$ cat work_25.cif   # mmCIF, C-alpha atoms and all ligand atoms
data_my_file
#
loop_
_atom_site.label_atom_id
_atom_site.label_comp_id
_atom_site.auth_asym_id
_atom_site.auth_seq_id
_atom_site.Cartn_x
_atom_site.Cartn_y
_atom_site.Cartn_z
CA MET X 1 15.03 22.36 -18.19
CA GLU X 2 12.96 19.69 -16.45
CA SER X 3 9.20 19.38 -16.85
CA ILE X 4 6.96 17.09 -14.84
CA LEU X 5 3.98 14.96 -15.77
CA VAL X 6 1.91 13.31 -13.03
CA LEU X 7 -0.17 10.41 -14.34
CA THR X 8 -3.36 9.77 -12.38
CA HIS X 9 -6.42 7.57 -12.73
CA ALA X 10 -9.93 7.35 -11.33
CA ASP X 11 -11.17 5.03 -8.60
CA ASP X 12 -14.10 2.61 -8.90
CA THR X 13 -16.59 5.48 -9.21
CA GLY X 14 -14.97 6.31 -12.56
CA SER X 15 -14.84 10.04 -11.83
CA ALA X 16 -12.85 10.67 -8.60
CA LEU X 17 -9.06 10.28 -8.44
CA THR X 18 -7.65 7.50 -6.25
CA LYS X 19 -5.88 8.46 -3.01
CA ALA X 20 -2.58 7.18 -4.43
CA SER X 21 -3.09 9.42 -7.49
CA LEU X 22 -3.63 12.42 -5.21
CA GLU X 23 -0.42 11.50 -3.35
CA ALA X 24 1.40 11.54 -6.69
CA VAL X 25 -0.05 15.02 -7.32
CA THR X 26 1.47 16.18 -4.00
CA ALA X 27 4.83 14.74 -5.05
CA GLY X 28 4.57 16.48 -8.43
CA LEU X 29 3.77 19.83 -6.84
CA GLU X 30 6.69 19.56 -4.40
CA LEU X 31 9.15 18.56 -7.11
CA ALA X 32 7.92 21.24 -9.51
CA SER X 33 8.37 23.92 -6.88
CA GLN X 34 11.87 22.68 -5.95
CA LEU X 35 12.92 22.67 -9.60
CA GLY X 36 10.94 25.69 -10.76
CA ALA X 37 9.63 23.29 -13.42
CA SER X 38 6.29 23.19 -15.23
CA LEU X 39 3.71 20.69 -13.97
CA THR X 40 1.17 18.78 -16.05
CA ILE X 41 -1.42 16.39 -14.66
CA GLY X 42 -2.65 13.61 -16.93
CA ILE X 43 -5.93 11.91 -16.00
CA VAL X 44 -7.22 8.54 -17.19
CA ALA X 45 -10.90 7.98 -16.37
CA ALA X 46 -14.29 7.26 -17.87
CA ASN X 47 -15.36 10.76 -16.89
CA THR X 48 -12.48 13.17 -16.22
CA ALA X 49 -14.37 16.42 -15.50
CA SER X 50 -14.80 16.14 -11.72
CA ALA X 51 -11.40 14.45 -11.30
CA ALA X 52 -9.81 17.43 -13.05
CA SER X 53 -11.70 20.00 -11.00
CA SER X 54 -10.53 18.30 -7.76
CA VAL X 55 -6.90 19.13 -8.67
CA ALA X 56 -7.60 22.44 -10.45
CA SER X 57 -6.15 24.46 -7.57
CA THR X 58 -2.68 23.05 -8.33
CA GLY X 59 -2.61 25.44 -11.31
CA ALA X 60 -1.14 22.62 -13.40
CA ARG X 61 -1.81 22.09 -17.10
CA MET X 62 -4.56 19.48 -17.29
CA LEU X 63 -4.62 16.68 -19.88
CA ALA X 64 -7.23 13.95 -19.98
CA VAL X 65 -8.00 10.70 -21.71
CA SER X 66 -11.62 9.83 -21.13
CA GLY X 67 -14.37 7.56 -22.34
CA GLU X 68 -15.80 4.11 -21.78
CA PRO X 69 -12.69 2.13 -22.89
CA PHE X 70 -10.79 3.73 -19.97
CA ALA X 71 -13.38 2.94 -17.31
CA GLN X 72 -11.77 -0.41 -16.51
CA PRO X 73 -8.12 -1.35 -15.98
CA ARG X 74 -6.83 -3.16 -19.07
CA TYR X 75 -3.24 -3.25 -20.33
CA ALA X 76 -3.90 -2.18 -23.92
CA THR X 77 -6.12 0.81 -23.10
CA ASP X 78 -4.18 2.00 -20.03
CA ALA X 79 -0.83 1.78 -21.83
CA ALA X 80 -2.24 3.63 -24.85
CA ALA X 81 -3.71 6.32 -22.57
CA CYS X 82 -0.44 6.87 -20.65
CA GLU X 83 1.56 6.94 -23.88
CA ALA X 84 -0.79 9.53 -25.43
CA LEU X 85 -0.68 11.69 -22.30
CA TYR X 86 3.11 11.56 -22.30
CA ARG X 87 3.36 12.47 -26.01
CA ALA X 88 1.10 15.48 -25.38
CA ALA X 89 3.02 16.61 -22.30
CA GLN X 90 6.59 15.84 -23.49
CA ALA X 91 7.80 15.86 -19.88
CA THR X 92 11.25 14.79 -18.70
CA ILE X 93 10.04 13.34 -15.38
CA VAL X 94 6.89 11.22 -15.10
CA LEU X 95 5.44 10.47 -11.65
CA ALA X 96 2.72 7.85 -11.28
CA PRO X 97 1.10 6.00 -8.37
CA ALA X 98 2.21 2.39 -7.93
CA SER X 99 -1.41 1.22 -8.14
CA ALA X 100 -2.19 -2.21 -9.59
CA ARG X 101 -3.45 -0.37 -12.67
CA PHE X 102 -0.35 1.72 -13.38
CA SER X 103 2.23 -0.77 -12.03
CA ARG X 104 1.08 -3.11 -14.76
CA VAL X 105 1.64 -0.70 -17.65
CA ALA X 106 4.29 1.83 -16.54
CA ALA X 107 7.38 -0.19 -17.50
CA GLY X 108 5.90 -0.99 -20.92
CA VAL X 109 5.02 2.66 -21.53
CA ALA X 110 8.52 3.83 -20.49
CA HIS X 111 10.00 1.29 -22.91
CA ARG X 112 7.77 2.44 -25.79
CA LEU X 113 8.94 5.99 -25.21
CA GLY X 114 12.61 5.09 -24.97
CA GLY X 115 12.60 6.09 -21.30
CA PHE X 116 13.72 4.57 -18.01
CA ILE X 117 11.70 3.55 -14.99
CA ASP X 118 12.32 3.03 -11.28
CA THR X 119 9.69 1.54 -9.00
CA HIS X 120 8.81 1.50 -5.28
CA ILE X 121 9.91 5.09 -4.92
CA THR X 122 9.25 6.47 -1.43
CA ALA X 123 10.67 10.00 -1.81
CA VAL X 124 11.68 12.35 -4.63
CA SER X 125 13.67 15.52 -4.12
CA ALA X 126 15.72 17.97 -6.11
CA GLY X 127 18.75 19.70 -4.69
CA GLY X 128 21.31 20.07 -7.46
CA ILE X 129 19.96 16.95 -9.18
CA ILE X 130 16.76 14.94 -8.94
CA GLU X 131 17.07 12.09 -6.46
CA ALA X 132 14.62 9.25 -5.88
CA THR X 133 14.66 7.04 -2.80
CA ARG X 134 13.69 3.39 -2.52
CA TRP X 135 14.32 0.45 -0.21
CA PHE X 136 16.06 -2.80 -1.10
CA TYR X 137 16.61 -6.15 0.58
CA ARG X 138 13.23 -6.27 2.31
CA GLN X 139 13.36 -2.66 3.50
CA ARG X 140 16.78 -3.00 5.13
CA ILE X 141 18.83 -0.84 2.77
CA GLU X 142 17.69 2.58 1.62
CA ALA X 143 19.13 3.71 -1.73
CA VAL X 144 19.12 7.16 -3.33
CA LEU X 145 19.01 6.99 -7.14
CA SER X 146 19.69 9.58 -9.81
CA ARG X 147 19.67 9.25 -13.60
CA ASP X 148 20.71 11.42 -16.52
CA ALA X 149 18.42 9.52 -18.91
CA ARG X 150 15.05 11.07 -19.77
CA PRO X 151 12.15 10.54 -19.75
CA TRP X 152 12.50 9.10 -16.26
CA PHE X 153 9.40 7.33 -14.95
CA LEU X 154 9.03 7.01 -11.18
CA LEU X 155 6.34 4.76 -9.67
CA LEU X 156 5.53 6.10 -6.21
CA ASP X 157 4.66 3.72 -3.37
CA ALA X 158 1.32 4.55 -1.77
CA GLY X 159 1.19 6.00 1.73
CA THR X 160 4.49 7.86 1.46
CA ARG X 161 3.09 11.41 1.26
CA ALA X 162 -0.11 13.33 1.95
CA ALA X 163 -2.92 13.13 -0.60
CA PHE X 164 -3.50 16.47 -2.38
CA ALA X 165 -6.60 18.22 -1.09
CA GLY X 166 -7.70 21.51 -2.63
CA ALA X 167 -11.00 23.24 -3.29
CA ALA X 168 -12.72 21.97 -6.44
CA ALA X 169 -12.82 24.56 -9.21
CA PRO X 170 -13.68 24.73 -12.89
CA VAL X 171 -10.66 24.06 -15.05
CA GLN X 172 -9.77 23.91 -18.72
CA VAL X 173 -8.98 20.32 -19.66
CA GLU X 174 -7.21 19.36 -22.88
CA GLU X 175 -8.80 16.15 -24.13
CA ILE X 176 -6.19 13.88 -25.71
CA ALA X 177 -7.31 11.55 -28.49
CA VAL X 178 -6.03 7.98 -28.25
CA GLN X 179 -5.48 5.65 -31.15
CA LEU X 180 -6.70 2.43 -29.59
CA PRO X 181 -5.04 -0.82 -30.60
CA ALA X 182 -7.13 -3.90 -31.33
CA LEU X 183 -8.61 -4.91 -27.96
CA ARG X 184 -8.37 -8.59 -27.15
CA THR X 185 -9.46 -8.28 -23.51
CA THR X 186 -13.03 -7.65 -22.46
CA VAL X 187 -13.51 -6.67 -18.84
CA SER X 188 -16.70 -8.36 -17.74
CA GLY X 189 -16.74 -7.04 -14.16
CA LEU X 190 -15.08 -7.30 -10.79
CA ARG X 191 -15.39 -10.12 -8.33
CA GLU X 192 -14.31 -9.31 -4.80
CA PRO X 193 -14.45 -11.27 -1.55
CA LYS X 194 -17.25 -10.23 0.79
CA GLN X 195 -16.26 -7.32 3.03
CA ASP X 196 -16.13 -9.61 6.09
CA LEU X 197 -13.67 -11.94 4.34
CA GLN X 198 -11.43 -9.09 3.22
CA THR X 199 -8.83 -8.98 6.01
CA ILE X 200 -6.07 -7.05 4.21
CA ARG X 201 -6.98 -3.36 4.18
CA PRO X 202 -4.01 -1.22 3.09
CA ASN X 203 -5.86 2.03 3.90
CA ALA X 204 -6.73 1.07 7.50
CA LYS X 205 -5.26 3.24 10.27
CA LEU X 206 -4.48 0.18 12.38
CA LEU X 207 -2.70 -3.09 11.65
CA LEU X 208 -3.57 -5.98 13.99
CA VAL X 209 -0.99 -8.74 13.87
CA ALA X 210 -1.77 -12.24 15.09
CA GLY X 211 1.05 -14.51 16.21
CA ALA X 212 1.31 -18.24 16.76
CA GLY X 213 0.41 -17.83 20.44
CA TRP X 214 -3.29 -17.64 19.52
CA THR X 215 -3.24 -21.32 18.58
CA LYS X 216 -0.91 -22.56 21.34
CA LYS X 217 -1.95 -24.32 24.54
CA GLN X 218 -3.17 -21.76 27.03
CA PRO X 219 -2.83 -21.84 30.86
CA ASP X 220 -5.79 -24.29 31.10
CA GLY X 221 -3.80 -26.79 28.99
CA GLN X 222 -6.20 -26.46 26.04
CA ILE X 223 -6.05 -24.72 22.66
CA HIS X 224 -8.81 -22.22 21.87
CA THR X 225 -8.56 -21.63 18.14
CA ALA X 226 -12.26 -20.99 17.55
CA GLU X 227 -12.36 -18.43 20.35
CA ALA X 228 -9.17 -16.81 18.97
CA ALA X 229 -10.75 -16.58 15.50
CA GLY X 230 -13.87 -14.93 16.93
CA LEU X 231 -11.84 -12.39 18.94
CA ILE X 232 -9.59 -11.47 15.99
CA LEU X 233 -12.46 -11.12 13.48
CA GLY X 234 -14.48 -9.20 16.07
CA PHE X 235 -11.61 -6.77 16.54
CA LEU X 236 -11.10 -6.31 12.79
CA LYS X 237 -14.77 -5.52 12.34
CA ALA X 238 -15.05 -3.17 15.31
CA ALA X 239 -11.81 -1.27 14.61
CA GLY X 240 -11.82 -1.47 10.78
CA ALA X 241 -8.27 -2.79 11.11
CA SER X 242 -6.14 -4.70 8.62
CA LEU X 243 -4.90 -8.16 9.59
CA GLY X 244 -1.28 -9.28 9.54
CA SER X 245 0.26 -12.50 10.76
CA SER X 246 3.60 -13.87 11.88
CA LYS X 247 5.23 -16.46 9.64
CA SER X 248 4.92 -19.14 12.29
CA LEU X 249 1.16 -18.79 12.43
CA VAL X 250 0.53 -18.97 8.68
CA ASP X 251 3.07 -21.78 8.31
CA GLN X 252 1.16 -23.96 10.77
CA GLY X 253 -1.52 -24.73 8.18
CA SER X 254 0.95 -26.62 5.99
CA GLU X 255 2.18 -28.51 9.06
CA GLY X 256 -1.25 -29.91 9.90
CA GLN X 257 -1.66 -27.86 13.08
CA SER X 258 -4.64 -25.88 14.33
CA VAL X 259 -4.98 -22.75 12.21
CA LEU X 260 -7.07 -19.63 11.81
CA PRO X 261 -8.98 -20.30 8.56
CA PHE X 262 -8.96 -16.71 7.29
CA LEU X 263 -5.15 -16.33 7.34
CA THR X 264 -2.96 -16.91 4.30
CA HIS X 265 0.65 -16.11 3.43
CA MET X 266 -0.71 -12.86 1.97
CA ASN X 267 -1.18 -11.71 5.57
CA GLN X 268 2.42 -12.45 6.57
CA ILE X 269 4.40 -9.47 7.85
CA GLY X 270 8.20 -9.50 7.87
CA GLN X 271 11.43 -10.18 6.06
CA THR X 272 9.79 -12.82 3.88
CA GLY X 273 6.37 -11.16 3.99
CA ALA X 274 4.83 -7.73 3.56
CA THR X 275 5.97 -4.33 4.86
CA PRO X 276 2.67 -2.43 5.06
CA ARG X 277 2.21 1.22 6.03
CA HIS X 278 -0.21 2.03 8.82
CA ALA X 279 -0.33 4.75 11.46
CA LYS X 280 -0.57 2.19 14.28
CA GLY X 281 0.14 -1.47 14.83
CA LEU X 282 -0.96 -3.87 17.57
CA SER X 283 0.82 -7.20 17.80
CA THR X 284 -0.89 -10.01 19.69
CA CYS X 285 0.48 -13.40 20.78
CA CYS X 286 3.62 -12.82 18.75
CA HIS X 287 7.20 -12.89 19.95
CA GLY X 288 8.57 -9.88 18.05
CA GLU X 289 11.61 -11.57 16.51
CA GLU X 290 13.84 -9.61 14.15
CA PRO X 291 12.73 -11.26 10.84
CA HIS X 292 9.14 -10.44 11.78
CA VAL X 293 9.81 -6.91 13.06
CA VAL X 294 11.50 -5.98 9.75
CA GLY X 295 7.96 -5.84 8.33
CA TRP X 296 6.99 -3.22 10.92
CA ARG X 297 9.44 -0.65 9.57
CA PHE X 298 6.70 1.67 8.31
CA ILE X 299 4.29 1.28 11.24
CA ALA X 300 4.49 4.60 13.04
CA GLU X 301 3.31 3.60 16.53
CA ARG X 302 3.81 0.02 17.72
CA ARG X 303 2.19 -1.79 20.60
CA ALA X 304 2.25 -5.44 21.57
CA ILE X 305 0.44 -7.84 23.88
CA SER X 306 2.49 -10.86 24.89
CA LEU X 307 2.65 -13.19 27.86
CA ASP X 308 6.44 -13.25 27.65
CA PRO X 309 8.13 -10.37 29.53
CA ASN X 310 11.38 -11.20 27.71
CA CYS X 311 10.04 -11.24 24.17
CA GLY X 312 11.57 -9.19 21.36
CA TRP X 313 8.93 -6.46 21.65
CA THR X 314 9.95 -5.70 25.23
CA ARG X 315 13.55 -5.35 24.06
CA GLY X 316 12.93 -2.00 22.44
CA LYS X 317 11.00 -3.00 19.32
CA ALA X 318 7.59 -1.71 20.46
CA ASP X 319 6.64 1.67 21.95
CA VAL X 320 4.32 0.05 24.49
CA VAL X 321 4.17 -3.63 25.55
CA TYR X 322 1.35 -5.06 27.64
CA VAL X 323 2.61 -8.21 29.37
CA ALA X 324 -0.81 -9.82 29.49
CA ASP X 325 -3.02 -12.60 28.18
CA ALA X 326 -4.33 -11.40 24.79
CA PHE X 327 -7.57 -13.40 25.05
CA PRO X 328 -9.19 -11.33 27.85
CA VAL X 329 -7.50 -8.10 26.63
CA ILE X 330 -8.95 -8.34 23.11
CA ALA X 331 -12.32 -9.50 24.48
CA LYS X 332 -12.44 -6.38 26.67
CA LEU X 333 -11.27 -4.15 23.78
CA ASN X 334 -13.99 -5.56 21.51
CA ALA X 335 -16.63 -4.90 24.16
CA LEU X 336 -15.41 -1.29 24.53
CA LEU X 337 -15.36 -0.76 20.76
CA GLU X 338 -18.85 -2.23 20.35
CA ALA X 339 -20.16 -0.05 23.19
CA LYS X 340 -18.65 2.99 21.50
CA ARG X 341 -20.28 2.10 18.18
CA ALA X 342 -23.72 1.48 19.75
C1 LIG J 1 15.19 -16.25 7.04
C2 LIG J 1 14.00 -16.07 7.96
C3 LIG J 1 12.96 -15.27 7.55
C4 LIG J 1 11.85 -15.10 8.36
N1 LIG J 1 10.84 -14.27 7.94
C5 LIG J 1 9.81 -14.04 8.76
C6 LIG J 1 8.76 -13.15 8.37
O1 LIG J 1 8.76 -12.59 7.26
N2 LIG J 1 7.74 -12.95 9.23
C7 LIG J 1 7.67 -13.58 10.44
O2 LIG J 1 6.71 -13.36 11.18
N3 LIG J 1 8.64 -14.42 10.82
C8 LIG J 1 9.70 -14.67 10.02
N4 LIG J 1 10.64 -15.55 10.42
C9 LIG J 1 10.40 -16.32 11.65
C10 LIG J 1 10.65 -15.50 12.91
O3 LIG J 1 12.04 -15.54 13.19
C11 LIG J 1 9.86 -16.07 14.09
O4 LIG J 1 10.12 -17.44 14.22
C12 LIG J 1 8.36 -15.89 14.00
O5 LIG J 1 8.03 -14.54 13.69
C13 LIG J 1 7.74 -16.24 15.34
O6 LIG J 1 6.33 -16.17 15.24
P1 LIG J 1 5.43 -15.96 16.51
O7 LIG J 1 5.98 -14.89 17.36
O8 LIG J 1 4.01 -15.83 16.04
O9 LIG J 1 5.49 -17.39 17.27
P2 LIG J 1 6.25 -17.86 18.59
O10 LIG J 1 7.69 -17.59 18.50
O11 LIG J 1 5.76 -19.24 18.82
O12 LIG J 1 5.67 -16.90 19.72
C14 LIG J 1 4.35 -16.97 20.19
C15 LIG J 1 4.21 -15.92 21.30
O13 LIG J 1 2.88 -15.88 21.74
C16 LIG J 1 2.89 -15.61 23.13
N5 LIG J 1 1.60 -16.03 23.68
C17 LIG J 1 1.08 -17.28 23.75
N6 LIG J 1 -0.17 -17.23 24.29
C18 LIG J 1 -0.44 -15.93 24.55
C19 LIG J 1 -1.54 -15.23 25.11
N7 LIG J 1 -2.65 -15.87 25.51
N8 LIG J 1 -1.46 -13.90 25.22
C20 LIG J 1 -0.35 -13.22 24.82
N9 LIG J 1 0.73 -13.81 24.30
C21 LIG J 1 0.67 -15.15 24.16
C22 LIG J 1 4.09 -16.44 23.65
O14 LIG J 1 4.53 -15.91 24.89
C23 LIG J 1 5.10 -16.19 22.53
O15 LIG J 1 5.87 -15.04 22.81
C24 LIG J 1 11.77 -15.76 9.62
C25 LIG J 1 12.83 -16.54 10.04
C26 LIG J 1 13.92 -16.72 9.22
C27 LIG J 1 15.04 -17.61 9.70
#
$ encode --input "work_25.cif" --output "structure tokens"
Amino acid sequence: MESILVLTHADDTGSALTKASLEAVTAGLELASQLGASLTIGIVAANTASAASSVASTGARMLAVSGEPFAQPRYATDAAACEALYRAAQATIVLAPASARFSRVAAGVAHRLGGFIDTHITAVSAGGIIEATRWFYRQRIEAVLSRDARPWFLLLDAGTRAAFAGAAAPVQVEEIAVQLPALRTTVSGLREPKQDLQTIRPNAKLLLVAGAGWTKKQPDGQIHTAEAAGLILGFLKAAGASLGSSKSLVDQGSEGQSVLPFLTHMNQIGQTGATPRHAKGLSTCCHGEEPHVVGWRFIAERRAISLDPNCGWTRGKADVVYVADAFPVIAKLNALLEAKRA
């Protein structure tokens, strides 16, 4: 008989569950109902009371590890917390969000418990047997995995299911004591780039992708990199969008060409870059070649602005293509967005 443990953790507030944790709760509920299995939710947070009440309506058994040592991500404390929660739950299947915090410890915890782990899971289902789905080879091959070994840990990619949302309610929480190992790491705080410099926003609804065209000679024979930078940053700010780039554009920096200063290889979308998940994507000044478009696999609605009526986007890779000059189009869009905000 299978039993399911969903491991969750709090966000920066220390008391609310992260969106990815709530997505894991949804996955746990679905799997438990398919299997007719028991469901336990394990929470790691400084203060677990309100996190637990936010998922009380699942009817799951609620276990918690709380206290100051668990306020900050740290391998030793997070691994000890997950291990203690597992030992209390004794589940056969463990679902956890693939957050930075749990991705770091989940394999180690599975090993300590003599279990197995699979990562980047996008779907879990149970017909006759439990099957987990993930992509390989830069999202080109989709594999369906099953295992007899237990406990089986599955790290769930974010954005692959709806976040659990239920009415908050009082709930009985079993507090699990953790034997902490000697702590060698002291977390002194978080340093983050200023909001304006943060161009990669995984939770944004829209992905704006900049291609090499932004830094190429335009019809007046000149390049307009500074203007391009202003338009792109203006759009990101007005739309709250995340910024992606083609490989050609980020590569230009190392080739001594004119570049957009806020772009790095972290922004690159494609076969050799990232495959983000957003509801919508808008490609600008980019050709839409296959190795780039591979990174758009999980963008639900795709639009592109390109001067080239024969570019890859127009050949069936985008839902809508505007054959137009992106400079005036984005300038107009920014003006409309600003007017809407005012
Ligand atoms: C093994 C391999 C892996 C690769 N992996 C990746 C990857 O992960 N990601 C990736 O992006 N690429 C990847 N590439 C490269 C990819 O094949 C393309 O070369 C690259 O994506 C092209 O980038 P681009 O469209 O920005 O530039 P270009 O091909 O130079 O296209 C620029 C476009 O901008 C348009 N344009 C210019 N000015 C304007 C304007 N004012 N308004 C509107 N449009 C304008 C032009 O018409 C042109 O279509 C890979 C290639 C290989 C061989």
$ residues_near_ligand --input "work_25.cif" --ligand "ligand LIG 1 (chain J)" --cutoff "7 Å" --atoms "all atoms listed in the file" --output "number ranges by chain"
X: 210-214, 216, 218, 245-249, 268-273, 284-292, 295, 305-308, 311, 324-327
$ atom_distance --input "work_25.cif" --atom1 "atom CA of X:Thr40" --atom2 "atom CA of X:Thr160"
20.9 Å
$ atom_distance --input "work_25.cif" --atom1 "atom CA of X:Pro151" --atom2 "atom CA of X:Leu180"
22.8 Å
$ residues_around --input "work_25.cif" --residues "stretch 106-122 of chain X" --least-positions-apart "6" --cutoff "12 Å" --atoms "only C-alpha atoms" --output "number ranges by chain"
X: 7-8, 23-24, 27, 75-87, 90-100, 131-136, 138-139, 142-161, 277, 298
$ residues_around --input "work_25.cif" --residues "stretch 173-175 of chain X" --least-positions-apart "5" --cutoff "8 Å" --atoms "all atoms listed in the file" --output "ChimeraX atom specification"
/X:49,52,61-66
$ residues_around --input "work_25.cif" --residues "X:Val55" --least-positions-apart "6" --cutoff "8 Å" --atoms "all atoms listed in the file" --output "count of residues only"
5
$ atom_distance --input "work_25.cif" --atom1 "atom CA of X:Ala342" --atom2 "atom CA of X:Val329"
20.1 Å
$ residues_around --input "work_25.cif" --residues "X:Leu337" --least-positions-apart "2" --cutoff "10 Å" --atoms "only C-alpha atoms" --output "list of chain:residue names"
X:Gly234, X:Phe235, X:Lys237, X:Ala238, X:Ala239, X:Ala331, X:Lys332, X:Leu333, X:Asn334, X:Ala335, X:Ala339, X:Lys340, X:Arg341, X:Ala342
$ axis_aligned_box --input "work_25.cif" --around "stretch 176-188 of chain X" --padding-each-side "8 Å" --output "JSON"
{"center_x": -10.9, "center_y": 2.6, "center_z": -24.5, "size_x": 27.7, "size_y": 38.5, "size_z": 29.6}
$ closest_residue --input "work_25.cif" --among "X:Val25, X:Arg297, X:Gly128, X:Pro69" --to "X:Leu183" --atoms "only C-alpha atoms"
X:Pro69
$ residues_around --input "work_25.cif" --residues "X:Ala126" --least-positions-apart "4" --cutoff "7 Å" --atoms "only C-alpha atoms" --output "list in words"
Leu31, Gln34, Leu35, Ile130 and Glu131 of chain X
$ closest_residue --input "work_25.cif" --among "X:Leu243, X:Val6, X:Met1, X:Val105" --to "X:Thr199" --atoms "all atoms listed in the file"
X:Leu243
$ closest_residue --input "work_25.cif" --among "X:Gly42, X:Pro261, X:Pro181, X:Gly67" --to "X:Leu233" --atoms "only C-alpha atoms"
X:Pro261
$ build_atoms --input "work_25.cif" --residues "stretch 41-58 of chain X" --atoms "N, CA and C atoms" --output "compact mmCIF listing (two decimals), in the frame of the given file"
# COMPACT_ATOMS: atom_id res chain seq x y z
N ILE X 41 -0.75 17.56 -15.24
CA ILE X 41 -1.42 16.39 -14.66
C ILE X 41 -2.19 15.70 -15.77
N GLY X 42 -1.95 14.41 -15.93
CA GLY X 42 -2.65 13.61 -16.93
C GLY X 42 -3.65 12.70 -16.22
N ILE X 43 -4.89 12.69 -16.69
CA ILE X 43 -5.93 11.91 -16.00
C ILE X 43 -6.49 10.84 -16.94
N VAL X 44 -6.59 9.63 -16.44
CA VAL X 44 -7.22 8.54 -17.19
C VAL X 44 -8.48 8.15 -16.43
N ALA X 45 -9.64 8.30 -17.05
CA ALA X 45 -10.90 7.98 -16.37
C ALA X 45 -12.02 7.90 -17.39
N ALA X 46 -13.13 7.26 -16.99
CA ALA X 46 -14.29 7.26 -17.87
C ALA X 46 -14.79 8.69 -18.04
N ASN X 47 -14.86 9.38 -16.89
CA ASN X 47 -15.36 10.76 -16.89
C ASN X 47 -14.34 11.62 -16.13
N THR X 48 -13.62 12.49 -16.84
CA THR X 48 -12.48 13.17 -16.22
C THR X 48 -12.84 14.54 -15.63
N ALA X 49 -14.05 15.03 -15.88
CA ALA X 49 -14.37 16.42 -15.50
C ALA X 49 -14.22 16.67 -14.00
N SER X 50 -14.86 15.83 -13.16
CA SER X 50 -14.80 16.14 -11.72
C SER X 50 -13.42 15.78 -11.16
N ALA X 51 -12.77 14.77 -11.74
CA ALA X 51 -11.40 14.45 -11.30
C ALA X 51 -10.49 15.65 -11.55
N ALA X 52 -10.65 16.28 -12.72
CA ALA X 52 -9.81 17.43 -13.05
C ALA X 52 -10.10 18.61 -12.14
N SER X 53 -11.38 18.84 -11.84
CA SER X 53 -11.70 20.00 -11.00
C SER X 53 -11.16 19.80 -9.58
N SER X 54 -11.04 18.54 -9.13
CA SER X 54 -10.53 18.30 -7.76
C SER X 54 -9.05 18.67 -7.63
N VAL X 55 -8.32 18.75 -8.75
CA VAL X 55 -6.90 19.13 -8.67
C VAL X 55 -6.64 20.45 -9.41
N ALA X 56 -7.74 21.17 -9.70
CA ALA X 56 -7.60 22.44 -10.45
C ALA X 56 -6.74 23.44 -9.69
N SER X 57 -6.86 23.43 -8.34
CA SER X 57 -6.15 24.46 -7.57
C SER X 57 -4.64 24.27 -7.58
N THR X 58 -4.15 23.19 -8.18
CA THR X 58 -2.68 23.05 -8.33
C THR X 58 -2.15 24.07 -9.35
